[in-house]
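Peer 1: One file is attached below, final03.txt, containing compact mmCIF, N, CA and C atoms.
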# COMPACT_ATOMS: atom_id res chain seq x y z
N MET J 1 -51.32 23.56 26.14
CA MET J 1 -50.28 24.39 25.53
C MET J 1 -49.44 23.54 24.58
N LYS J 2 -49.19 24.09 23.39
CA LYS J 2 -48.37 23.39 22.41
C LYS J 2 -46.92 23.30 22.86
N LYS J 3 -46.30 22.16 22.54
CA LYS J 3 -44.86 22.03 22.80
C LYS J 3 -44.12 22.96 21.85
N ARG J 4 -43.05 23.53 22.34
CA ARG J 4 -42.21 24.34 21.45
C ARG J 4 -41.41 23.40 20.57
N LYS J 5 -41.23 23.82 19.31
CA LYS J 5 -40.66 22.96 18.28
C LYS J 5 -39.25 23.41 17.90
N ILE J 6 -38.34 22.43 17.84
CA ILE J 6 -36.95 22.69 17.43
C ILE J 6 -36.62 21.81 16.23
N LEU J 7 -35.99 22.42 15.24
CA LEU J 7 -35.50 21.71 14.06
C LEU J 7 -33.99 21.54 14.20
N ILE J 8 -33.52 20.31 14.05
CA ILE J 8 -32.08 20.02 14.04
C ILE J 8 -31.69 19.64 12.62
N ILE J 9 -30.71 20.36 12.06
CA ILE J 9 -30.18 20.03 10.73
C ILE J 9 -28.76 19.51 10.96
N GLU J 10 -28.61 18.20 10.84
CA GLU J 10 -27.34 17.53 11.18
C GLU J 10 -27.27 16.22 10.41
N ASP J 11 -26.16 15.99 9.71
CA ASP J 11 -26.03 14.78 8.91
C ASP J 11 -25.44 13.60 9.66
N TYR J 12 -24.77 13.83 10.76
CA TYR J 12 -24.19 12.74 11.54
C TYR J 12 -25.28 12.15 12.43
N LYS J 13 -25.80 10.98 12.02
CA LYS J 13 -27.00 10.39 12.64
C LYS J 13 -26.88 10.16 14.14
N ASP J 14 -25.73 9.68 14.62
CA ASP J 14 -25.59 9.42 16.05
C ASP J 14 -25.72 10.72 16.85
N PHE J 15 -25.07 11.77 16.38
CA PHE J 15 -25.15 13.05 17.09
C PHE J 15 -26.56 13.62 16.98
N GLN J 16 -27.15 13.53 15.81
CA GLN J 16 -28.52 14.02 15.60
C GLN J 16 -29.48 13.34 16.58
N GLU J 17 -29.37 12.02 16.69
CA GLU J 17 -30.28 11.26 17.56
C GLU J 17 -30.05 11.60 19.03
N ALA J 18 -28.79 11.71 19.44
CA ALA J 18 -28.49 12.04 20.84
C ALA J 18 -29.04 13.43 21.20
N LEU J 19 -28.86 14.38 20.30
CA LEU J 19 -29.37 15.73 20.53
C LEU J 19 -30.90 15.73 20.57
N LYS J 20 -31.50 14.98 19.67
CA LYS J 20 -32.97 14.87 19.62
C LYS J 20 -33.52 14.32 20.94
N VAL J 21 -32.93 13.26 21.43
CA VAL J 21 -33.39 12.64 22.68
C VAL J 21 -33.25 13.62 23.85
N GLN J 22 -32.12 14.32 23.93
CA GLN J 22 -31.91 15.29 25.00
C GLN J 22 -32.97 16.39 24.96
N LEU J 23 -33.24 16.91 23.77
CA LEU J 23 -34.21 18.00 23.65
C LEU J 23 -35.64 17.52 23.89
N GLU J 24 -35.95 16.31 23.46
CA GLU J 24 -37.27 15.75 23.76
C GLU J 24 -37.44 15.55 25.26
N ASN J 25 -36.37 15.12 25.93
CA ASN J 25 -36.42 14.98 27.39
C ASN J 25 -36.61 16.33 28.08
N ASP J 26 -36.20 17.40 27.42
CA ASP J 26 -36.40 18.76 27.95
C ASP J 26 -37.81 19.27 27.65
N GLY J 27 -38.60 18.48 26.93
CA GLY J 27 -39.99 18.85 26.67
C GLY J 27 -40.27 19.48 25.32
N PHE J 28 -39.31 19.42 24.41
CA PHE J 28 -39.50 20.01 23.09
C PHE J 28 -39.99 18.96 22.09
N ASP J 29 -40.71 19.42 21.09
CA ASP J 29 -41.06 18.62 19.92
C ASP J 29 -39.89 18.82 18.95
N VAL J 30 -39.26 17.74 18.49
CA VAL J 30 -38.05 17.85 17.69
C VAL J 30 -38.25 17.25 16.31
N ILE J 31 -37.85 18.02 15.30
CA ILE J 31 -37.87 17.61 13.89
C ILE J 31 -36.40 17.52 13.47
N THR J 32 -36.08 16.57 12.60
CA THR J 32 -34.70 16.46 12.14
C THR J 32 -34.63 16.49 10.62
N ALA J 33 -33.48 16.94 10.14
CA ALA J 33 -33.19 16.94 8.71
C ALA J 33 -31.72 16.58 8.54
N ASP J 34 -31.42 15.87 7.44
CA ASP J 34 -30.06 15.38 7.21
C ASP J 34 -29.19 16.28 6.34
N ASP J 35 -29.80 17.23 5.65
CA ASP J 35 -29.00 18.13 4.81
C ASP J 35 -29.65 19.50 4.75
N GLY J 36 -28.95 20.43 4.13
CA GLY J 36 -29.39 21.82 4.10
C GLY J 36 -30.72 22.05 3.41
N TYR J 37 -30.91 21.45 2.25
CA TYR J 37 -32.18 21.65 1.53
C TYR J 37 -33.35 21.02 2.29
N GLU J 38 -33.12 19.81 2.80
CA GLU J 38 -34.17 19.14 3.57
C GLU J 38 -34.52 19.98 4.81
N GLY J 39 -33.51 20.55 5.44
CA GLY J 39 -33.73 21.40 6.60
C GLY J 39 -34.53 22.65 6.27
N TYR J 40 -34.19 23.28 5.16
CA TYR J 40 -34.92 24.48 4.75
C TYR J 40 -36.38 24.15 4.45
N GLU J 41 -36.61 23.06 3.74
CA GLU J 41 -37.98 22.64 3.42
C GLU J 41 -38.76 22.29 4.69
N ALA J 42 -38.11 21.59 5.62
CA ALA J 42 -38.76 21.24 6.88
C ALA J 42 -39.12 22.50 7.66
N ALA J 43 -38.25 23.48 7.65
CA ALA J 43 -38.52 24.74 8.35
C ALA J 43 -39.71 25.47 7.74
N LYS J 44 -39.78 25.48 6.41
CA LYS J 44 -40.92 26.15 5.75
C LYS J 44 -42.23 25.46 6.07
N GLN J 45 -42.22 24.13 6.13
CA GLN J 45 -43.45 23.37 6.38
C GLN J 45 -43.83 23.35 7.85
N GLN J 46 -42.86 23.18 8.72
CA GLN J 46 -43.13 22.96 10.15
C GLN J 46 -43.09 24.22 11.01
N ARG J 47 -42.46 25.27 10.52
CA ARG J 47 -42.32 26.53 11.26
C ARG J 47 -41.84 26.33 12.71
N PRO J 48 -40.62 25.86 12.88
CA PRO J 48 -40.10 25.62 14.23
C PRO J 48 -39.90 26.93 15.00
N ASP J 49 -39.81 26.80 16.31
CA ASP J 49 -39.57 27.96 17.18
C ASP J 49 -38.08 28.29 17.26
N LEU J 50 -37.23 27.31 16.91
CA LEU J 50 -35.79 27.48 16.96
C LEU J 50 -35.16 26.45 16.03
N ILE J 51 -34.03 26.82 15.42
CA ILE J 51 -33.33 25.92 14.50
C ILE J 51 -31.89 25.77 14.97
N ILE J 52 -31.43 24.51 14.99
CA ILE J 52 -30.03 24.21 15.29
C ILE J 52 -29.47 23.57 14.03
N THR J 53 -28.42 24.16 13.46
CA THR J 53 -27.83 23.61 12.25
C THR J 53 -26.32 23.46 12.38
N ASP J 54 -25.82 22.37 11.85
CA ASP J 54 -24.38 22.18 11.75
C ASP J 54 -23.88 23.06 10.62
N VAL J 55 -22.62 23.43 10.68
CA VAL J 55 -22.02 24.21 9.60
C VAL J 55 -21.76 23.32 8.39
N VAL J 56 -21.17 22.14 8.63
CA VAL J 56 -20.80 21.25 7.54
C VAL J 56 -21.88 20.18 7.39
N ILE J 57 -22.76 20.38 6.40
CA ILE J 57 -23.84 19.45 6.09
C ILE J 57 -23.93 19.31 4.57
N PRO J 58 -24.47 18.18 4.10
CA PRO J 58 -24.59 17.98 2.64
C PRO J 58 -25.56 18.96 1.99
N ALA J 59 -25.49 19.02 0.69
CA ALA J 59 -26.33 19.86 -0.20
C ALA J 59 -25.88 21.31 -0.12
N VAL J 60 -26.25 22.00 0.92
CA VAL J 60 -25.76 23.37 1.14
C VAL J 60 -25.31 23.46 2.59
N ASP J 61 -24.26 24.24 2.85
CA ASP J 61 -23.74 24.30 4.21
C ASP J 61 -24.64 25.13 5.13
N GLY J 62 -24.32 25.08 6.41
CA GLY J 62 -25.12 25.78 7.41
C GLY J 62 -25.16 27.28 7.21
N PHE J 63 -24.09 27.86 6.67
CA PHE J 63 -24.09 29.30 6.41
C PHE J 63 -25.15 29.65 5.37
N HIS J 64 -25.20 28.87 4.30
CA HIS J 64 -26.17 29.12 3.23
C HIS J 64 -27.60 28.88 3.73
N VAL J 65 -27.79 27.81 4.48
CA VAL J 65 -29.12 27.52 5.03
C VAL J 65 -29.60 28.67 5.90
N SER J 66 -28.72 29.18 6.75
CA SER J 66 -29.14 30.27 7.64
C SER J 66 -29.51 31.52 6.85
N ARG J 67 -28.78 31.78 5.75
CA ARG J 67 -29.15 32.94 4.91
C ARG J 67 -30.51 32.72 4.25
N LEU J 68 -30.78 31.49 3.78
CA LEU J 68 -32.09 31.19 3.20
C LEU J 68 -33.20 31.40 4.23
N LEU J 69 -32.97 30.89 5.44
CA LEU J 69 -33.97 31.00 6.50
C LEU J 69 -34.24 32.47 6.86
N LYS J 70 -33.19 33.24 6.98
CA LYS J 70 -33.34 34.65 7.39
C LYS J 70 -33.93 35.50 6.27
N SER J 71 -33.89 35.00 5.02
CA SER J 71 -34.49 35.76 3.92
C SER J 71 -35.96 35.38 3.69
N ASP J 72 -36.44 34.37 4.40
CA ASP J 72 -37.84 33.93 4.27
C ASP J 72 -38.71 34.75 5.22
N MET J 73 -39.76 35.37 4.69
CA MET J 73 -40.57 36.28 5.51
C MET J 73 -41.21 35.59 6.72
N TYR J 74 -41.46 34.28 6.63
CA TYR J 74 -42.09 33.58 7.74
C TYR J 74 -41.08 33.03 8.75
N LEU J 75 -39.83 32.94 8.35
CA LEU J 75 -38.81 32.32 9.21
C LEU J 75 -37.74 33.29 9.69
N LYS J 76 -37.76 34.51 9.19
CA LYS J 76 -36.67 35.45 9.45
C LYS J 76 -36.45 35.76 10.93
N ASN J 77 -37.47 35.61 11.75
CA ASN J 77 -37.31 35.89 13.18
C ASN J 77 -37.07 34.63 14.02
N THR J 78 -36.94 33.49 13.35
CA THR J 78 -36.68 32.24 14.05
C THR J 78 -35.21 32.20 14.48
N PRO J 79 -34.94 32.02 15.77
CA PRO J 79 -33.55 31.97 16.21
C PRO J 79 -32.82 30.76 15.61
N ILE J 80 -31.55 31.00 15.26
CA ILE J 80 -30.70 29.94 14.69
C ILE J 80 -29.45 29.79 15.54
N ILE J 81 -29.19 28.55 15.93
CA ILE J 81 -27.94 28.22 16.61
C ILE J 81 -27.12 27.40 15.62
N MET J 82 -25.93 27.87 15.28
CA MET J 82 -25.03 27.13 14.41
C MET J 82 -24.04 26.39 15.29
N MET J 83 -23.64 25.20 14.82
CA MET J 83 -22.66 24.42 15.58
C MET J 83 -21.65 23.83 14.60
N SER J 84 -20.45 23.60 15.13
CA SER J 84 -19.39 23.08 14.28
C SER J 84 -18.45 22.19 15.08
N GLY J 85 -18.04 21.12 14.45
CA GLY J 85 -17.03 20.24 15.03
C GLY J 85 -15.64 20.60 14.53
N LEU J 86 -15.57 21.60 13.66
CA LEU J 86 -14.27 22.04 13.15
C LEU J 86 -13.52 22.79 14.23
N LYS J 87 -12.27 23.06 14.01
CA LYS J 87 -11.48 23.76 15.01
C LYS J 87 -12.15 25.08 15.41
N LYS J 88 -11.90 25.47 16.62
CA LYS J 88 -12.49 26.71 17.11
C LYS J 88 -11.87 27.87 16.35
N ASP J 89 -12.66 28.44 15.47
CA ASP J 89 -12.19 29.48 14.57
C ASP J 89 -13.01 30.74 14.79
N LYS J 90 -12.35 31.77 15.26
CA LYS J 90 -13.03 33.04 15.53
C LYS J 90 -13.67 33.60 14.26
N ALA J 91 -13.03 33.40 13.12
CA ALA J 91 -13.57 33.91 11.85
C ALA J 91 -14.90 33.24 11.52
N ASP J 92 -15.00 31.92 11.74
CA ASP J 92 -16.26 31.22 11.49
C ASP J 92 -17.36 31.73 12.41
N THR J 93 -17.01 31.95 13.67
CA THR J 93 -17.99 32.45 14.63
C THR J 93 -18.50 33.82 14.19
N GLU J 94 -17.60 34.70 13.82
CA GLU J 94 -18.00 36.04 13.37
C GLU J 94 -18.83 35.96 12.10
N ARG J 95 -18.43 35.08 11.19
CA ARG J 95 -19.20 34.90 9.94
C ARG J 95 -20.61 34.41 10.25
N ALA J 96 -20.73 33.46 11.15
CA ALA J 96 -22.04 32.91 11.51
C ALA J 96 -22.94 33.99 12.12
N ILE J 97 -22.39 34.78 12.98
CA ILE J 97 -23.20 35.78 13.69
C ILE J 97 -23.45 37.01 12.81
N ASN J 98 -22.44 37.49 12.13
CA ASN J 98 -22.58 38.73 11.38
C ASN J 98 -23.15 38.54 9.98
N THR J 99 -22.58 37.65 9.20
CA THR J 99 -22.98 37.47 7.82
C THR J 99 -24.25 36.66 7.69
N CYS J 100 -24.39 35.63 8.49
CA CYS J 100 -25.52 34.71 8.33
C CYS J 100 -26.64 34.98 9.31
N ALA J 101 -26.44 35.91 10.18
CA ALA J 101 -27.46 36.28 11.17
C ALA J 101 -27.81 35.14 12.11
N ALA J 102 -26.85 34.26 12.37
CA ALA J 102 -27.07 33.24 13.40
C ALA J 102 -27.14 33.95 14.74
N ASP J 103 -27.91 33.40 15.65
CA ASP J 103 -28.08 34.02 16.95
C ASP J 103 -27.08 33.50 17.98
N ALA J 104 -26.49 32.34 17.70
CA ALA J 104 -25.48 31.77 18.59
C ALA J 104 -24.65 30.77 17.80
N TYR J 105 -23.48 30.46 18.33
CA TYR J 105 -22.56 29.54 17.67
C TYR J 105 -21.92 28.66 18.74
N LEU J 106 -21.99 27.35 18.56
CA LEU J 106 -21.42 26.40 19.51
C LEU J 106 -20.38 25.53 18.82
N PHE J 107 -19.33 25.19 19.55
CA PHE J 107 -18.33 24.25 19.05
C PHE J 107 -18.59 22.89 19.66
N LYS J 108 -18.61 21.85 18.81
CA LYS J 108 -18.75 20.47 19.29
C LYS J 108 -17.40 19.99 19.79
N PRO J 109 -17.36 19.19 20.80
CA PRO J 109 -18.49 18.79 21.63
C PRO J 109 -18.85 19.91 22.61
N PHE J 110 -20.10 19.99 22.96
CA PHE J 110 -20.55 20.97 23.95
C PHE J 110 -21.40 20.25 24.99
N LYS J 111 -21.54 20.87 26.12
CA LYS J 111 -22.35 20.29 27.20
C LYS J 111 -23.81 20.65 26.96
N HIS J 112 -24.68 19.73 27.31
CA HIS J 112 -26.11 19.96 27.12
C HIS J 112 -26.57 21.21 27.89
N GLN J 113 -25.98 21.45 29.06
CA GLN J 113 -26.35 22.63 29.84
C GLN J 113 -26.03 23.92 29.08
N GLU J 114 -24.94 23.90 28.33
CA GLU J 114 -24.55 25.07 27.53
C GLU J 114 -25.61 25.35 26.46
N LEU J 115 -26.04 24.29 25.76
CA LEU J 115 -27.08 24.43 24.75
C LEU J 115 -28.39 24.87 25.39
N SER J 116 -28.75 24.26 26.51
CA SER J 116 -30.00 24.61 27.19
C SER J 116 -30.05 26.08 27.59
N LYS J 117 -28.93 26.59 28.05
CA LYS J 117 -28.86 28.01 28.45
C LYS J 117 -29.10 28.93 27.24
N ILE J 118 -28.49 28.58 26.12
CA ILE J 118 -28.66 29.39 24.90
C ILE J 118 -30.11 29.30 24.42
N ILE J 119 -30.69 28.11 24.44
CA ILE J 119 -32.08 27.95 24.01
C ILE J 119 -33.00 28.79 24.89
N GLU J 120 -32.76 28.75 26.19
CA GLU J 120 -33.55 29.52 27.13
C GLU J 120 -33.50 31.02 26.81
N GLN J 121 -32.32 31.50 26.42
CA GLN J 121 -32.15 32.92 26.10
C GLN J 121 -32.82 33.30 24.78
N LEU J 122 -32.82 32.38 23.82
CA LEU J 122 -33.29 32.71 22.47
C LEU J 122 -34.78 32.42 22.21
N MET J 123 -35.30 31.42 22.88
CA MET J 123 -36.65 30.98 22.55
C MET J 123 -37.68 31.59 23.50
N PRO J 124 -38.68 32.21 22.93
CA PRO J 124 -39.74 32.76 23.79
C PRO J 124 -40.46 31.64 24.53
N LYS J 125 -41.01 31.96 25.67
CA LYS J 125 -41.70 30.96 26.49
C LYS J 125 -42.99 30.47 25.85
N LYS J 126 -43.68 31.34 25.14
CA LYS J 126 -44.95 30.96 24.49
C LYS J 126 -44.84 31.18 23.00
N ARG J 127 -45.51 30.33 22.26
CA ARG J 127 -45.58 30.49 20.79
C ARG J 127 -46.39 31.71 20.45
N SER J 128 -45.92 32.49 19.49
CA SER J 128 -46.69 33.66 19.06
C SER J 128 -47.65 33.32 17.96
Hey, can you dump this file as structure tokens for me?

Peer 2:
Amino acid sequence: MKKRKILIIEDYKDFQEALKVQLENDGFDVITADDGYEGYEAAKQQRPDLIITDVVIPAVDGFHVSRLLKSDMYLKNTPIIMMSGLKKDKADTERAINTCAADAYLFKPFKHQELSKIIEQLMPKKRS
């Protein structure tokens, strides 16, 4: 059985690496990208089962990336988790979920168990 694949779009290398290691330890194949355009291109090429993107990333922000992903016929059903280290802002959460079609929104720092629970809810058990 193929490992399920997660794409992380995050420019802060230490956080990106820590998240990657945690998800690999959970049994996922993890791809990383440092900015919005790189993330979008990686998603088109790799077709991940789930995407985790920071809101504040270089090139294009996480809101724009999520709109690009949801407008792509091959990626539109891929679950997206947006995350932000900015202050907990209800407006950003609503924007992420309603405008950008993100499936979940997390505020940094978050516990790995919190992320794992969301991934479990969003990601199908088998690749289609």

Peer 1: How many Å separate CA of Lys108 (chain J) from CA of Met82 (chain J)?

Peer 2: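 One can read the CA of Lys108 (chain J) to CA of Met82 (chain J) distance as 10.4 Å.
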
Peer 1: Which of chain J end up as strand (DSSP E or B) when DSSP is run on this backbone - answer as a ChimeraX atom specification?

Peer 2: /J:5-9,29-33,50-54,80-84,104-107

Peer 1: Using Å and a single decimal, report how far atom N of Phe63 (chain J) sits from atom N of Leu115 (chain J).

Peer 2: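 It comes out at 19.5 Å.
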
Peer 1: Just the number, please: distance in Å from CA of Asp54 (chain J) to CA of Lys3 (chain J), one decimal.

Peer 2: 23.3 Å

Peer 1: If you run DSSP on the backbone, which residues of chain J are alpha helix (DSSP H), as a PyMOL selection string?

Peer 2: chain J and resi 13-25+36-46+62-71+90-94+112-122

Peer 1: Which polymer residues, whether protein, DNA or RNA, lie within 10 Å of the coordinate (-35.0, 33.2, 11.0) when you count only C-alpha atoms? List them as an mmCIF file with N, CA and C atoms, in the frame of the given file, using the chain letters and numbers from the file.

Peer 2:
data_model
loop_
_atom_site.group_PDB
_atom_site.id
_atom_site.type_symbol
_atom_site.label_atom_id
_atom_site.label_comp_id
_atom_site.auth_asym_id
_atom_site.auth_seq_id
_atom_site.Cartn_x
_atom_site.Cartn_y
_atom_site.Cartn_z
ATOM 1 N N ALA J 43 -38.250 23.480 7.650
ATOM 2 C CA ALA J 43 -38.520 24.740 8.350
ATOM 3 C C ALA J 43 -39.710 25.470 7.740
ATOM 4 N N ARG J 47 -42.460 25.270 10.520
ATOM 5 C CA ARG J 47 -42.320 26.530 11.260
ATOM 6 C C ARG J 47 -41.840 26.330 12.710
ATOM 7 N N PRO J 48 -40.620 25.860 12.880
ATOM 8 C CA PRO J 48 -40.100 25.620 14.230
ATOM 9 C C PRO J 48 -39.900 26.930 15.000
ATOM 10 N N ASP J 49 -39.810 26.800 16.310
ATOM 11 C CA ASP J 49 -39.570 27.960 17.180
ATOM 12 C C ASP J 49 -38.080 28.290 17.260
ATOM 13 N N LEU J 50 -37.230 27.310 16.910
ATOM 14 C CA LEU J 50 -35.790 27.480 16.960
ATOM 15 C C LEU J 50 -35.160 26.450 16.030
ATOM 16 N N ILE J 51 -34.030 26.820 15.420
ATOM 17 C CA ILE J 51 -33.330 25.920 14.500
ATOM 18 C C ILE J 51 -31.890 25.770 14.970
ATOM 19 N N SER J 66 -28.720 29.180 6.750
ATOM 20 C CA SER J 66 -29.140 30.270 7.640
ATOM 21 C C SER J 66 -29.510 31.520 6.850
ATOM 22 N N ARG J 67 -28.780 31.780 5.750
ATOM 23 C CA ARG J 67 -29.150 32.940 4.910
ATOM 24 C C ARG J 67 -30.510 32.720 4.250
ATOM 25 N N LEU J 68 -30.780 31.490 3.780
ATOM 26 C CA LEU J 68 -32.090 31.190 3.200
ATOM 27 C C LEU J 68 -33.200 31.400 4.230
ATOM 28 N N LEU J 69 -32.970 30.890 5.440
ATOM 29 C CA LEU J 69 -33.970 31.000 6.500
ATOM 30 C C LEU J 69 -34.240 32.470 6.860
ATOM 31 N N LYS J 70 -33.190 33.240 6.980
ATOM 32 C CA LYS J 70 -33.340 34.650 7.390
ATOM 33 C C LYS J 70 -33.930 35.500 6.270
ATOM 34 N N SER J 71 -33.890 35.000 5.020
ATOM 35 C CA SER J 71 -34.490 35.760 3.920
ATOM 36 C C SER J 71 -35.960 35.380 3.690
ATOM 37 N N ASP J 72 -36.440 34.370 4.400
ATOM 38 C CA ASP J 72 -37.840 33.930 4.270
ATOM 39 C C ASP J 72 -38.710 34.750 5.220
ATOM 40 N N MET J 73 -39.760 35.370 4.690
ATOM 41 C CA MET J 73 -40.570 36.280 5.510
ATOM 42 C C MET J 73 -41.210 35.590 6.720
ATOM 43 N N TYR J 74 -41.460 34.280 6.630
ATOM 44 C CA TYR J 74 -42.090 33.580 7.740
ATOM 45 C C TYR J 74 -41.080 33.030 8.750
ATOM 46 N N LEU J 75 -39.830 32.940 8.350
ATOM 47 C CA LEU J 75 -38.810 32.320 9.210
ATOM 48 C C LEU J 75 -37.740 33.290 9.690
ATOM 49 N N LYS J 76 -37.760 34.510 9.190
ATOM 50 C CA LYS J 76 -36.670 35.450 9.450
ATOM 51 C C LYS J 76 -36.450 35.760 10.930
ATOM 52 N N ASN J 77 -37.470 35.610 11.750
ATOM 53 C CA ASN J 77 -37.310 35.890 13.180
ATOM 54 C C ASN J 77 -37.070 34.630 14.020
ATOM 55 N N THR J 78 -36.940 33.490 13.350
ATOM 56 C CA THR J 78 -36.680 32.240 14.050
ATOM 57 C C THR J 78 -35.210 32.200 14.480
ATOM 58 N N PRO J 79 -34.940 32.020 15.770
ATOM 59 C CA PRO J 79 -33.550 31.970 16.210
ATOM 60 C C PRO J 79 -32.820 30.760 15.610
ATOM 61 N N ILE J 80 -31.550 31.000 15.260
ATOM 62 C CA ILE J 80 -30.700 29.940 14.690
ATOM 63 C C ILE J 80 -29.450 29.790 15.540
ATOM 64 N N CYS J 100 -24.390 35.630 8.490
ATOM 65 C CA CYS J 100 -25.520 34.710 8.330
ATOM 66 C C CYS J 100 -26.640 34.980 9.310
ATOM 67 N N ALA J 101 -26.440 35.910 10.180
ATOM 68 C CA ALA J 101 -27.460 36.280 11.170
ATOM 69 C C ALA J 101 -27.810 35.140 12.110
ATOM 70 N N ALA J 102 -26.850 34.260 12.370
ATOM 71 C CA ALA J 102 -27.070 33.240 13.400
ATOM 72 C C ALA J 102 -27.140 33.950 14.740
ATOM 73 N N ASP J 103 -27.910 33.400 15.650
ATOM 74 C CA ASP J 103 -28.080 34.020 16.950
ATOM 75 C C ASP J 103 -27.080 33.500 17.980
#

Peer 1: Using only N, CA and C atoms for the distances, tell me which of J:Val30, J:Ile52, J:Ile6, J:Val21 is nearest to Ile81 (chain J).

Peer 2: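 For Ile81 (chain J), the nearest of the candidates is J:Ile52.
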
Peer 1: In terms of the shortest atom-to-atom distance over only C-alpha atoms, which of J:Leu23, J:Ile9, J:Ala18, J:Val65 is closest to Thr53 (chain J)?

Peer 2: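 Comparing J:Leu23, J:Ile9, J:Ala18, J:Val65 against Thr53 (chain J), the winner is J:Ile9.
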